[in-house]
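Containing compact mmCIF, N, CA and C atoms: start11.txt.
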# COMPACT_ATOMS: atom_id res chain seq x y z
N MET A 9 -2.73 17.37 34.83
CA MET A 9 -3.97 17.30 35.56
C MET A 9 -4.03 18.51 36.49
N LYS A 10 -5.17 19.12 36.54
CA LYS A 10 -5.41 20.30 37.37
C LYS A 10 -6.18 19.87 38.61
N LEU A 11 -5.79 20.37 39.77
CA LEU A 11 -6.45 20.03 41.02
C LEU A 11 -6.89 21.32 41.70
N THR A 12 -8.18 21.40 42.05
CA THR A 12 -8.72 22.57 42.72
C THR A 12 -9.42 22.10 43.99
N LEU A 13 -9.10 22.72 45.11
CA LEU A 13 -9.71 22.38 46.39
C LEU A 13 -10.31 23.65 46.98
N THR A 14 -11.60 23.60 47.30
CA THR A 14 -12.27 24.75 47.91
C THR A 14 -13.06 24.28 49.12
N ARG A 15 -13.24 25.16 50.07
CA ARG A 15 -14.05 24.85 51.25
C ARG A 15 -15.52 25.00 50.90
N ALA A 16 -16.36 24.14 51.51
CA ALA A 16 -17.80 24.18 51.26
C ALA A 16 -18.52 23.78 52.54
N ASP A 17 -19.84 23.98 52.55
CA ASP A 17 -20.64 23.64 53.71
C ASP A 17 -20.77 22.13 53.91
N GLU A 18 -20.70 21.38 52.82
CA GLU A 18 -20.80 19.93 52.92
C GLU A 18 -19.73 19.30 52.03
N ASP A 19 -19.40 18.04 52.32
CA ASP A 19 -18.42 17.34 51.53
C ASP A 19 -19.02 16.93 50.19
N GLU A 20 -18.34 17.27 49.12
CA GLU A 20 -18.75 16.88 47.78
C GLU A 20 -17.50 16.79 46.93
N LEU A 21 -17.41 15.73 46.17
CA LEU A 21 -16.28 15.55 45.28
C LEU A 21 -16.81 15.46 43.85
N ILE A 22 -16.34 16.36 43.01
CA ILE A 22 -16.71 16.35 41.59
C ILE A 22 -15.43 16.10 40.81
N LEU A 23 -15.46 15.07 40.00
CA LEU A 23 -14.29 14.70 39.22
C LEU A 23 -14.63 14.89 37.75
N ARG A 24 -13.93 15.80 37.10
CA ARG A 24 -14.11 16.04 35.67
C ARG A 24 -12.88 15.50 34.95
N CYS A 25 -13.11 14.65 33.98
CA CYS A 25 -11.96 14.06 33.28
C CYS A 25 -12.31 13.78 31.83
N ARG A 26 -11.29 13.79 31.01
CA ARG A 26 -11.45 13.49 29.60
C ARG A 26 -11.77 12.02 29.38
N ASP A 27 -11.04 11.16 30.11
CA ASP A 27 -11.20 9.72 29.93
C ASP A 27 -11.36 9.05 31.29
N PRO A 28 -12.58 8.68 31.67
CA PRO A 28 -12.80 8.06 32.98
C PRO A 28 -12.14 6.69 33.13
N ASP A 29 -11.69 6.09 32.02
CA ASP A 29 -11.02 4.79 32.09
C ASP A 29 -9.50 4.90 32.13
N ALA A 30 -8.99 6.14 32.16
CA ALA A 30 -7.54 6.32 32.25
C ALA A 30 -7.02 5.70 33.55
N PRO A 31 -5.85 5.07 33.50
CA PRO A 31 -5.34 4.39 34.69
C PRO A 31 -5.25 5.27 35.94
N HIS A 32 -4.83 6.52 35.78
CA HIS A 32 -4.70 7.37 36.97
C HIS A 32 -6.06 7.75 37.54
N ILE A 33 -7.08 7.86 36.70
CA ILE A 33 -8.44 8.14 37.19
C ILE A 33 -9.00 6.90 37.88
N ARG A 34 -8.80 5.74 37.26
CA ARG A 34 -9.27 4.49 37.88
C ARG A 34 -8.60 4.26 39.23
N ALA A 35 -7.31 4.57 39.32
CA ALA A 35 -6.59 4.40 40.59
C ALA A 35 -7.16 5.35 41.65
N LEU A 36 -7.47 6.57 41.26
CA LEU A 36 -8.05 7.54 42.19
C LEU A 36 -9.43 7.08 42.67
N LEU A 37 -10.24 6.62 41.75
CA LEU A 37 -11.57 6.12 42.13
C LEU A 37 -11.48 4.90 43.03
N ALA A 38 -10.53 4.03 42.75
CA ALA A 38 -10.34 2.86 43.59
C ALA A 38 -9.90 3.27 45.00
N LEU A 39 -9.05 4.27 45.07
CA LEU A 39 -8.59 4.76 46.36
C LEU A 39 -9.75 5.35 47.15
N LEU A 40 -10.62 6.09 46.47
CA LEU A 40 -11.73 6.74 47.14
C LEU A 40 -12.84 5.77 47.54
N GLY A 41 -13.16 4.82 46.67
CA GLY A 41 -14.31 3.97 46.95
C GLY A 41 -14.00 2.50 47.08
N GLY A 42 -12.95 2.05 46.43
CA GLY A 42 -12.65 0.63 46.40
C GLY A 42 -12.16 0.07 47.71
N ALA A 43 -11.60 0.90 48.56
CA ALA A 43 -11.04 0.40 49.82
C ALA A 43 -12.14 -0.18 50.71
N GLN A 44 -13.37 0.31 50.57
CA GLN A 44 -14.45 -0.17 51.40
C GLN A 44 -15.18 -1.35 50.76
N ARG A 45 -14.97 -1.59 49.48
CA ARG A 45 -15.65 -2.66 48.79
C ARG A 45 -14.99 -3.99 49.10
N LYS A 46 -15.80 -5.01 49.13
CA LYS A 46 -15.32 -6.37 49.33
C LYS A 46 -15.85 -7.23 48.19
N ILE A 47 -15.12 -8.28 47.89
CA ILE A 47 -15.51 -9.20 46.83
C ILE A 47 -16.05 -10.47 47.46
N PRO A 48 -17.31 -10.83 47.18
CA PRO A 48 -17.83 -12.09 47.72
C PRO A 48 -17.11 -13.27 47.05
N ALA A 49 -16.66 -14.20 47.87
CA ALA A 49 -15.91 -15.34 47.35
C ALA A 49 -16.31 -16.60 48.09
N ARG A 50 -16.55 -17.65 47.36
CA ARG A 50 -16.97 -18.92 47.95
C ARG A 50 -15.77 -19.84 48.08
N ASP A 51 -15.66 -20.40 49.29
CA ASP A 51 -14.61 -21.37 49.59
C ASP A 51 -15.32 -22.61 50.12
N GLY A 52 -15.65 -23.54 49.22
CA GLY A 52 -16.46 -24.69 49.60
C GLY A 52 -17.86 -24.23 49.96
N ASP A 53 -18.29 -24.48 51.19
CA ASP A 53 -19.62 -24.06 51.61
C ASP A 53 -19.57 -22.75 52.41
N GLN A 54 -18.41 -22.14 52.46
CA GLN A 54 -18.24 -20.90 53.23
C GLN A 54 -18.16 -19.70 52.29
N LEU A 55 -18.82 -18.61 52.65
CA LEU A 55 -18.75 -17.37 51.89
C LEU A 55 -17.81 -16.42 52.61
N ARG A 56 -16.83 -15.92 51.89
CA ARG A 56 -15.87 -14.96 52.46
C ARG A 56 -15.99 -13.64 51.72
N LEU A 57 -15.53 -12.59 52.35
CA LEU A 57 -15.47 -11.28 51.72
C LEU A 57 -14.00 -10.89 51.62
N LEU A 58 -13.50 -10.83 50.38
CA LEU A 58 -12.09 -10.53 50.14
C LEU A 58 -11.90 -9.07 49.79
N ALA A 59 -10.81 -8.50 50.25
CA ALA A 59 -10.43 -7.15 49.84
C ALA A 59 -9.87 -7.25 48.42
N PRO A 60 -10.18 -6.29 47.55
CA PRO A 60 -9.64 -6.33 46.19
C PRO A 60 -8.11 -6.44 46.17
N ALA A 61 -7.44 -5.87 47.16
CA ALA A 61 -5.98 -5.92 47.22
C ALA A 61 -5.45 -7.32 47.47
N ASP A 62 -6.31 -8.24 47.94
CA ASP A 62 -5.88 -9.62 48.18
C ASP A 62 -5.93 -10.48 46.93
N VAL A 63 -6.61 -10.00 45.90
CA VAL A 63 -6.77 -10.77 44.67
C VAL A 63 -5.62 -10.45 43.72
N LEU A 64 -4.88 -11.48 43.31
CA LEU A 64 -3.79 -11.28 42.35
C LEU A 64 -4.34 -11.22 40.93
N TYR A 65 -5.23 -12.16 40.60
CA TYR A 65 -5.88 -12.14 39.29
C TYR A 65 -7.15 -12.96 39.36
N ALA A 66 -7.94 -12.87 38.32
CA ALA A 66 -9.17 -13.63 38.23
C ALA A 66 -9.32 -14.12 36.80
N GLU A 67 -9.98 -15.27 36.66
CA GLU A 67 -10.23 -15.78 35.32
C GLU A 67 -11.63 -16.38 35.24
N ALA A 68 -12.18 -16.33 34.05
CA ALA A 68 -13.50 -16.92 33.80
C ALA A 68 -13.30 -18.23 33.05
N VAL A 69 -13.92 -19.28 33.58
CA VAL A 69 -13.84 -20.61 32.97
C VAL A 69 -15.24 -21.20 32.95
N GLU A 70 -15.76 -21.43 31.76
CA GLU A 70 -17.08 -22.04 31.59
C GLU A 70 -18.15 -21.40 32.48
N ARG A 71 -18.32 -20.11 32.35
CA ARG A 71 -19.35 -19.33 33.05
C ARG A 71 -19.14 -19.22 34.57
N HIS A 72 -17.96 -19.55 35.04
CA HIS A 72 -17.61 -19.39 36.45
C HIS A 72 -16.41 -18.47 36.54
N THR A 73 -16.38 -17.61 37.56
CA THR A 73 -15.26 -16.70 37.74
C THR A 73 -14.49 -17.13 38.99
N PHE A 74 -13.18 -17.29 38.82
CA PHE A 74 -12.32 -17.72 39.91
C PHE A 74 -11.35 -16.62 40.29
N LEU A 75 -11.17 -16.43 41.60
CA LEU A 75 -10.24 -15.44 42.14
C LEU A 75 -9.01 -16.17 42.66
N TYR A 76 -7.85 -15.64 42.35
CA TYR A 76 -6.60 -16.24 42.81
C TYR A 76 -5.92 -15.26 43.76
N THR A 77 -5.68 -15.74 44.97
CA THR A 77 -4.97 -14.93 45.97
C THR A 77 -3.56 -15.50 46.11
N GLN A 78 -2.81 -15.02 47.06
CA GLN A 78 -1.44 -15.48 47.27
C GLN A 78 -1.36 -17.00 47.41
N ASP A 79 -2.33 -17.59 48.10
CA ASP A 79 -2.22 -19.03 48.36
C ASP A 79 -3.54 -19.80 48.28
N ALA A 80 -4.57 -19.21 47.66
CA ALA A 80 -5.86 -19.90 47.58
C ALA A 80 -6.61 -19.50 46.31
N VAL A 81 -7.61 -20.32 45.98
CA VAL A 81 -8.49 -20.04 44.83
C VAL A 81 -9.92 -20.04 45.34
N PHE A 82 -10.70 -19.04 44.91
CA PHE A 82 -12.09 -18.89 45.33
C PHE A 82 -12.95 -18.70 44.10
N GLU A 83 -14.22 -19.04 44.20
CA GLU A 83 -15.17 -18.75 43.14
C GLU A 83 -15.99 -17.54 43.58
N THR A 84 -16.30 -16.66 42.63
CA THR A 84 -17.10 -15.48 42.93
C THR A 84 -18.27 -15.37 41.96
N PRO A 85 -19.38 -14.80 42.41
CA PRO A 85 -20.50 -14.59 41.48
C PRO A 85 -20.28 -13.37 40.58
N LEU A 86 -19.26 -12.56 40.85
CA LEU A 86 -19.01 -11.37 40.05
C LEU A 86 -18.43 -11.73 38.69
N THR A 87 -18.70 -10.89 37.72
CA THR A 87 -18.14 -11.06 36.38
C THR A 87 -16.78 -10.38 36.31
N LEU A 88 -16.03 -10.67 35.27
CA LEU A 88 -14.75 -9.99 35.08
C LEU A 88 -14.96 -8.49 34.89
N ALA A 89 -16.03 -8.11 34.22
CA ALA A 89 -16.33 -6.69 34.03
C ALA A 89 -16.55 -5.99 35.37
N ALA A 90 -17.22 -6.66 36.29
CA ALA A 90 -17.42 -6.08 37.62
C ALA A 90 -16.10 -5.98 38.37
N LEU A 91 -15.23 -6.96 38.20
CA LEU A 91 -13.92 -6.92 38.86
C LEU A 91 -13.04 -5.82 38.28
N GLU A 92 -13.22 -5.50 37.00
CA GLU A 92 -12.48 -4.38 36.41
C GLU A 92 -12.81 -3.08 37.13
N GLN A 93 -14.02 -2.94 37.61
CA GLN A 93 -14.42 -1.74 38.33
C GLN A 93 -13.75 -1.64 39.70
N LEU A 94 -13.15 -2.75 40.15
CA LEU A 94 -12.45 -2.78 41.43
C LEU A 94 -10.94 -2.74 41.22
N SER A 95 -10.52 -2.09 40.14
CA SER A 95 -9.10 -1.84 39.85
C SER A 95 -8.31 -3.04 39.37
N LEU A 96 -8.97 -4.03 38.83
CA LEU A 96 -8.23 -5.09 38.15
C LEU A 96 -8.24 -4.75 36.67
N LEU A 97 -7.15 -5.03 36.00
CA LEU A 97 -6.98 -4.67 34.60
C LEU A 97 -7.23 -5.87 33.71
N ARG A 98 -8.00 -5.69 32.66
CA ARG A 98 -8.26 -6.77 31.71
C ARG A 98 -6.93 -7.10 31.03
N CYS A 99 -6.58 -8.39 31.04
CA CYS A 99 -5.32 -8.80 30.42
C CYS A 99 -5.54 -9.84 29.32
N ALA A 100 -6.74 -10.39 29.27
CA ALA A 100 -7.13 -11.34 28.24
C ALA A 100 -8.65 -11.39 28.22
N LYS A 101 -9.22 -11.99 27.20
CA LYS A 101 -10.67 -12.06 27.11
C LYS A 101 -11.27 -12.70 28.35
N SER A 102 -10.56 -13.64 28.95
CA SER A 102 -11.11 -14.36 30.09
C SER A 102 -10.32 -14.15 31.39
N ALA A 103 -9.59 -13.02 31.49
CA ALA A 103 -8.81 -12.80 32.71
C ALA A 103 -8.59 -11.32 33.00
N VAL A 104 -8.47 -11.01 34.29
CA VAL A 104 -8.10 -9.68 34.77
C VAL A 104 -6.98 -9.86 35.78
N VAL A 105 -6.14 -8.84 35.95
CA VAL A 105 -5.00 -8.93 36.86
C VAL A 105 -4.87 -7.64 37.66
N ARG A 106 -4.38 -7.76 38.88
CA ARG A 106 -4.05 -6.57 39.67
C ARG A 106 -2.64 -6.15 39.27
N VAL A 107 -2.51 -4.97 38.71
CA VAL A 107 -1.23 -4.53 38.14
C VAL A 107 -0.11 -4.57 39.17
N ASP A 108 -0.38 -4.16 40.40
CA ASP A 108 0.70 -4.15 41.39
C ASP A 108 1.02 -5.54 41.92
N ALA A 109 0.34 -6.58 41.44
CA ALA A 109 0.68 -7.96 41.79
C ALA A 109 1.70 -8.55 40.82
N ILE A 110 2.03 -7.80 39.78
CA ILE A 110 2.99 -8.26 38.77
C ILE A 110 4.40 -8.00 39.27
N ALA A 111 5.21 -9.07 39.28
CA ALA A 111 6.60 -8.95 39.73
C ALA A 111 7.56 -8.77 38.56
N ALA A 112 7.25 -9.38 37.42
CA ALA A 112 8.15 -9.30 36.26
C ALA A 112 7.35 -9.47 34.97
N LEU A 113 7.89 -8.90 33.90
CA LEU A 113 7.26 -8.99 32.58
C LEU A 113 8.29 -9.45 31.56
N GLN A 114 7.85 -10.27 30.61
CA GLN A 114 8.74 -10.72 29.55
C GLN A 114 7.97 -10.65 28.23
N SER A 115 8.49 -9.90 27.28
CA SER A 115 7.84 -9.80 25.97
C SER A 115 8.04 -11.10 25.21
N LYS A 116 6.98 -11.50 24.53
CA LYS A 116 7.04 -12.69 23.68
C LYS A 116 6.99 -12.22 22.23
N GLY A 117 7.55 -13.00 21.33
CA GLY A 117 7.65 -12.61 19.94
C GLY A 117 6.33 -12.41 19.23
N ASP A 118 5.27 -12.98 19.75
CA ASP A 118 3.97 -12.88 19.09
C ASP A 118 3.15 -11.68 19.57
N GLY A 119 3.77 -10.77 20.31
CA GLY A 119 3.07 -9.57 20.79
C GLY A 119 2.46 -9.73 22.17
N ARG A 120 2.47 -10.94 22.69
CA ARG A 120 1.96 -11.15 24.04
C ARG A 120 3.04 -10.84 25.05
N ILE A 121 2.63 -10.70 26.30
CA ILE A 121 3.56 -10.44 27.40
C ILE A 121 3.33 -11.53 28.45
N LEU A 122 4.39 -12.13 28.92
CA LEU A 122 4.30 -13.11 29.99
C LEU A 122 4.54 -12.38 31.31
N ALA A 123 3.53 -12.36 32.16
CA ALA A 123 3.62 -11.69 33.46
C ALA A 123 3.86 -12.74 34.54
N THR A 124 4.87 -12.52 35.36
CA THR A 124 5.10 -13.36 36.52
C THR A 124 4.58 -12.59 37.72
N LEU A 125 3.67 -13.21 38.45
CA LEU A 125 3.05 -12.55 39.60
C LEU A 125 3.89 -12.75 40.84
N LYS A 126 3.58 -12.00 41.88
CA LYS A 126 4.35 -12.06 43.13
C LYS A 126 4.35 -13.43 43.78
N ASN A 127 3.33 -14.24 43.48
CA ASN A 127 3.29 -15.59 44.05
C ASN A 127 3.97 -16.62 43.15
N GLY A 128 4.58 -16.16 42.06
CA GLY A 128 5.30 -17.05 41.15
C GLY A 128 4.48 -17.57 39.99
N GLU A 129 3.16 -17.41 40.04
CA GLU A 129 2.33 -17.85 38.91
C GLU A 129 2.60 -16.97 37.70
N GLN A 130 2.39 -17.56 36.52
CA GLN A 130 2.58 -16.82 35.29
C GLN A 130 1.27 -16.71 34.54
N LEU A 131 1.10 -15.57 33.89
CA LEU A 131 -0.15 -15.24 33.21
C LEU A 131 0.20 -14.51 31.93
N TYR A 132 -0.41 -14.89 30.81
CA TYR A 132 -0.17 -14.20 29.55
C TYR A 132 -1.08 -12.99 29.42
N ILE A 133 -0.49 -11.88 28.99
CA ILE A 133 -1.24 -10.68 28.64
C ILE A 133 -1.39 -10.73 27.12
N SER A 134 -2.61 -10.76 26.63
CA SER A 134 -2.80 -10.89 25.18
C SER A 134 -2.40 -9.60 24.46
N ARG A 135 -2.16 -9.74 23.16
CA ARG A 135 -1.78 -8.57 22.34
C ARG A 135 -2.81 -7.46 22.47
N ARG A 136 -4.06 -7.85 22.50
CA ARG A 136 -5.15 -6.87 22.53
C ARG A 136 -5.08 -5.97 23.77
N TYR A 137 -4.61 -6.51 24.91
CA TYR A 137 -4.59 -5.75 26.16
C TYR A 137 -3.20 -5.31 26.59
N ALA A 138 -2.18 -5.62 25.79
CA ALA A 138 -0.80 -5.27 26.15
C ALA A 138 -0.61 -3.75 26.25
N ALA A 139 -1.20 -3.00 25.34
CA ALA A 139 -1.05 -1.54 25.36
C ALA A 139 -1.68 -0.94 26.61
N ALA A 140 -2.82 -1.47 27.03
CA ALA A 140 -3.47 -0.98 28.25
C ALA A 140 -2.60 -1.26 29.47
N LEU A 141 -1.94 -2.41 29.48
CA LEU A 141 -1.03 -2.73 30.58
C LEU A 141 0.14 -1.76 30.60
N ARG A 142 0.71 -1.49 29.44
CA ARG A 142 1.84 -0.54 29.37
C ARG A 142 1.41 0.83 29.89
N ARG A 143 0.21 1.28 29.49
CA ARG A 143 -0.28 2.58 29.97
C ARG A 143 -0.48 2.56 31.48
N ALA A 144 -1.02 1.47 31.99
CA ALA A 144 -1.24 1.37 33.45
C ALA A 144 0.09 1.40 34.20
N LEU A 145 1.09 0.72 33.68
CA LEU A 145 2.40 0.69 34.34
C LEU A 145 3.09 2.05 34.31
N LEU A 146 2.89 2.76 33.20
CA LEU A 146 3.52 4.07 33.05
C LEU A 146 2.67 5.19 33.63
N GLY A 147 1.42 4.89 33.96
CA GLY A 147 0.53 5.92 34.51
C GLY A 147 0.12 6.95 33.49
N THR A 148 0.08 6.55 32.21
CA THR A 148 -0.31 7.49 31.16
C THR A 148 -1.77 7.26 30.78
N PRO A 149 -2.44 8.32 30.33
CA PRO A 149 -3.86 8.17 29.94
C PRO A 149 -4.03 7.29 28.72
N SER A 150 -5.24 6.77 28.56
CA SER A 150 -5.59 5.95 27.39
C SER A 150 -5.52 6.77 26.13
N ALA A 151 -5.26 6.11 25.03
CA ALA A 151 -5.18 6.82 23.75
C ALA A 151 -6.55 7.07 23.18
Do you think you could lay out the structure here as structure tokens?
Amino acid sequence: MKLTLTRADEDELILRCRDPDAPHIRALLALLGGAQRKIPARDGDQLRLLAPADVLYAEAVERHTFLYTQDAVFETPLTLAALEQLSLLRCAKSAVVRVDAIAALQSKGDGRILATLKNGEQLYISRRYAAALRRALLGTPSA
């Protein structure tokens, strides 16, 4: 990756990349813009705004999206696709995970990966998304 920094009259950031979905590009974009974003989350009759870094994973169940934090579960109006834009990685058709929330990985014989999260919960990474997880962990661009 080539980095060029020049002085200008006003602040402007132009990012040119081959693959905007590459893990290192997504991490950079999350660092630049995601830190200020909050995720709306409902806890009973209360609406909270969660930092993306507080969400370990999210799953969609019967047209509802649930966020899992270290010790609580919230419902959000956001879709899994929207959560992917906040640096969560798709790990199954109905789930996304924060890669740095993964504490351990175990390969399963059927091509899936069993991820143990920092809070002890376990989540399967489907065969379809296992390669993307490996790339994210290694920091290599998408194929």
Which of these residues is nearest to Leu75 in chain A, using all atoms listed in the file: A:Leu13, A:Val63, A:Ile121, A:Leu21?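 Closest to Leu75 in chain A, using all atoms listed in the file: A:Val63.
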Distance criterion (all atoms listed in the file): nearest to Ile47 in chain A out of A:Ala30, A:Leu86, A:Ala66, A:Cys25: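 Distance minimum relative to Ile47 in chain A lands on A:Leu86.
The gap separating CA of Ala112 in chain A from CA of Ala144 in chain A is 14.5 Å, in Å to one decimal.
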What separates atom C of Arg26 in chain A and CA of Leu131 in chain A is a distance of 29.9 Å
What separation in Å, quoted to one decimal, exists between CA of Gly128 in chain A and CA of Ala80 in chain A? 13.2 Å
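Comparing the minimum interatomic distances between Ser134 in chain A and each of A:Val81, A:Ala61, A:Leu122, A:Ile22, counting only C-alpha atoms, we find that A:Leu122 sits nearest.
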(-15.6, -21.7, 41.4) in this file's frame - what residues fall within 6 Å of it? Use all atoms listed in the file and give the answer as a VMD selection string. chain A and resid 72 to 74 82 to 84
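Proximity of A:Leu23, A:Leu64, A:Ala90, A:Leu141 to Ile110 in chain A, computed with all atoms listed in the file, is greatest for A:Leu64.
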Incomplete range 127-136 of chain A filled out to all heavy atoms as an mmCIF file, in the frame of the given file:
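And here is the file that came out, rebuild_3.cif:
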data_model
loop_
_atom_site.group_PDB
_atom_site.id
_atom_site.type_symbol
_atom_site.label_atom_id
_atom_site.label_comp_id
_atom_site.auth_asym_id
_atom_site.auth_seq_id
_atom_site.Cartn_x
_atom_site.Cartn_y
_atom_site.Cartn_z
ATOM 1 N N ASN A 127 3.330 -14.240 43.480
ATOM 2 C CA ASN A 127 3.290 -15.590 44.050
ATOM 3 C C ASN A 127 3.970 -16.620 43.150
ATOM 4 O O ASN A 127 3.932 -17.806 43.433
ATOM 5 C CB ASN A 127 1.858 -16.017 44.356
ATOM 6 C CG ASN A 127 1.031 -16.229 43.110
ATOM 7 O OD1 ASN A 127 1.423 -15.850 42.010
ATOM 8 N ND2 ASN A 127 -0.136 -16.824 43.273
ATOM 9 N N GLY A 128 4.580 -16.160 42.060
ATOM 10 C CA GLY A 128 5.300 -17.050 41.150
ATOM 11 C C GLY A 128 4.480 -17.570 39.990
ATOM 12 O O GLY A 128 5.034 -18.121 39.039
ATOM 13 N N GLU A 129 3.160 -17.410 40.040
ATOM 14 C CA GLU A 129 2.330 -17.850 38.910
ATOM 15 C C GLU A 129 2.600 -16.970 37.700
ATOM 16 O O GLU A 129 2.964 -15.812 37.827
ATOM 17 C CB GLU A 129 0.846 -17.783 39.281
ATOM 18 C CG GLU A 129 0.423 -18.863 40.237
ATOM 19 C CD GLU A 129 -1.078 -19.008 40.304
ATOM 20 O OE1 GLU A 129 -1.702 -19.171 39.234
ATOM 21 O OE2 GLU A 129 -1.604 -18.962 41.415
ATOM 22 N N GLN A 130 2.390 -17.560 36.520
ATOM 23 C CA GLN A 130 2.580 -16.820 35.290
ATOM 24 C C GLN A 130 1.270 -16.710 34.540
ATOM 25 O O GLN A 130 0.447 -17.625 34.560
ATOM 26 C CB GLN A 130 3.642 -17.508 34.424
ATOM 27 C CG GLN A 130 5.011 -17.448 35.082
ATOM 28 C CD GLN A 130 6.083 -17.996 34.196
ATOM 29 O OE1 GLN A 130 5.896 -19.012 33.529
ATOM 30 N NE2 GLN A 130 7.229 -17.340 34.180
ATOM 31 N N LEU A 131 1.100 -15.570 33.890
ATOM 32 C CA LEU A 131 -0.150 -15.240 33.210
ATOM 33 C C LEU A 131 0.200 -14.510 31.930
ATOM 34 O O LEU A 131 1.043 -13.609 31.930
ATOM 35 C CB LEU A 131 -0.959 -14.332 34.143
ATOM 36 C CG LEU A 131 -2.351 -13.902 33.782
ATOM 37 C CD1 LEU A 131 -3.288 -15.100 33.768
ATOM 38 C CD2 LEU A 131 -2.845 -12.889 34.802
ATOM 39 N N TYR A 132 -0.410 -14.890 30.810
ATOM 40 C CA TYR A 132 -0.170 -14.200 29.550
ATOM 41 C C TYR A 132 -1.080 -12.990 29.420
ATOM 42 O O TYR A 132 -2.277 -13.068 29.684
ATOM 43 C CB TYR A 132 -0.388 -15.123 28.354
ATOM 44 C CG TYR A 132 0.818 -15.966 28.046
ATOM 45 C CD1 TYR A 132 0.886 -17.287 28.455
ATOM 46 C CD2 TYR A 132 1.901 -15.429 27.347
ATOM 47 C CE1 TYR A 132 1.998 -18.059 28.176
ATOM 48 C CE2 TYR A 132 3.013 -16.192 27.071
ATOM 49 C CZ TYR A 132 3.057 -17.506 27.485
ATOM 50 O OH TYR A 132 4.164 -18.263 27.214
ATOM 51 N N ILE A 133 -0.490 -11.880 28.990
ATOM 52 C CA ILE A 133 -1.240 -10.680 28.640
ATOM 53 C C ILE A 133 -1.390 -10.730 27.120
ATOM 54 O O ILE A 133 -0.381 -10.755 26.411
ATOM 55 C CB ILE A 133 -0.487 -9.386 29.042
ATOM 56 C CG1 ILE A 133 0.056 -9.458 30.475
ATOM 57 C CG2 ILE A 133 -1.343 -8.158 28.788
ATOM 58 C CD1 ILE A 133 -0.963 -9.624 31.556
ATOM 59 N N SER A 134 -2.610 -10.760 26.630
ATOM 60 C CA SER A 134 -2.800 -10.890 25.180
ATOM 61 C C SER A 134 -2.400 -9.600 24.460
ATOM 62 O O SER A 134 -2.316 -8.531 25.053
ATOM 63 C CB SER A 134 -4.255 -11.247 24.867
ATOM 64 O OG SER A 134 -5.087 -10.126 25.048
ATOM 65 N N ARG A 135 -2.160 -9.740 23.160
ATOM 66 C CA ARG A 135 -1.780 -8.570 22.340
ATOM 67 C C ARG A 135 -2.810 -7.460 22.470
ATOM 68 O O ARG A 135 -2.464 -6.292 22.519
ATOM 69 C CB ARG A 135 -1.710 -8.982 20.862
ATOM 70 C CG ARG A 135 -0.518 -9.762 20.472
ATOM 71 C CD ARG A 135 -0.521 -9.950 18.957
ATOM 72 N NE ARG A 135 -1.709 -10.665 18.529
ATOM 73 C CZ ARG A 135 -1.711 -11.897 18.085
ATOM 74 N NH1 ARG A 135 -0.601 -12.561 17.988
ATOM 75 N NH2 ARG A 135 -2.828 -12.478 17.721
ATOM 76 N N ARG A 136 -4.060 -7.850 22.500
ATOM 77 C CA ARG A 136 -5.150 -6.870 22.530
ATOM 78 C C ARG A 136 -5.080 -5.970 23.770
ATOM 79 O O ARG A 136 -5.476 -4.815 23.720
ATOM 80 C CB ARG A 136 -6.480 -7.617 22.493
ATOM 81 C CG ARG A 136 -7.671 -6.727 22.521
ATOM 82 C CD ARG A 136 -8.928 -7.536 22.384
ATOM 83 N NE ARG A 136 -10.079 -6.662 22.337
ATOM 84 C CZ ARG A 136 -11.305 -7.080 22.210
ATOM 85 N NH1 ARG A 136 -11.561 -8.359 22.100
ATOM 86 N NH2 ARG A 136 -12.297 -6.234 22.197
#
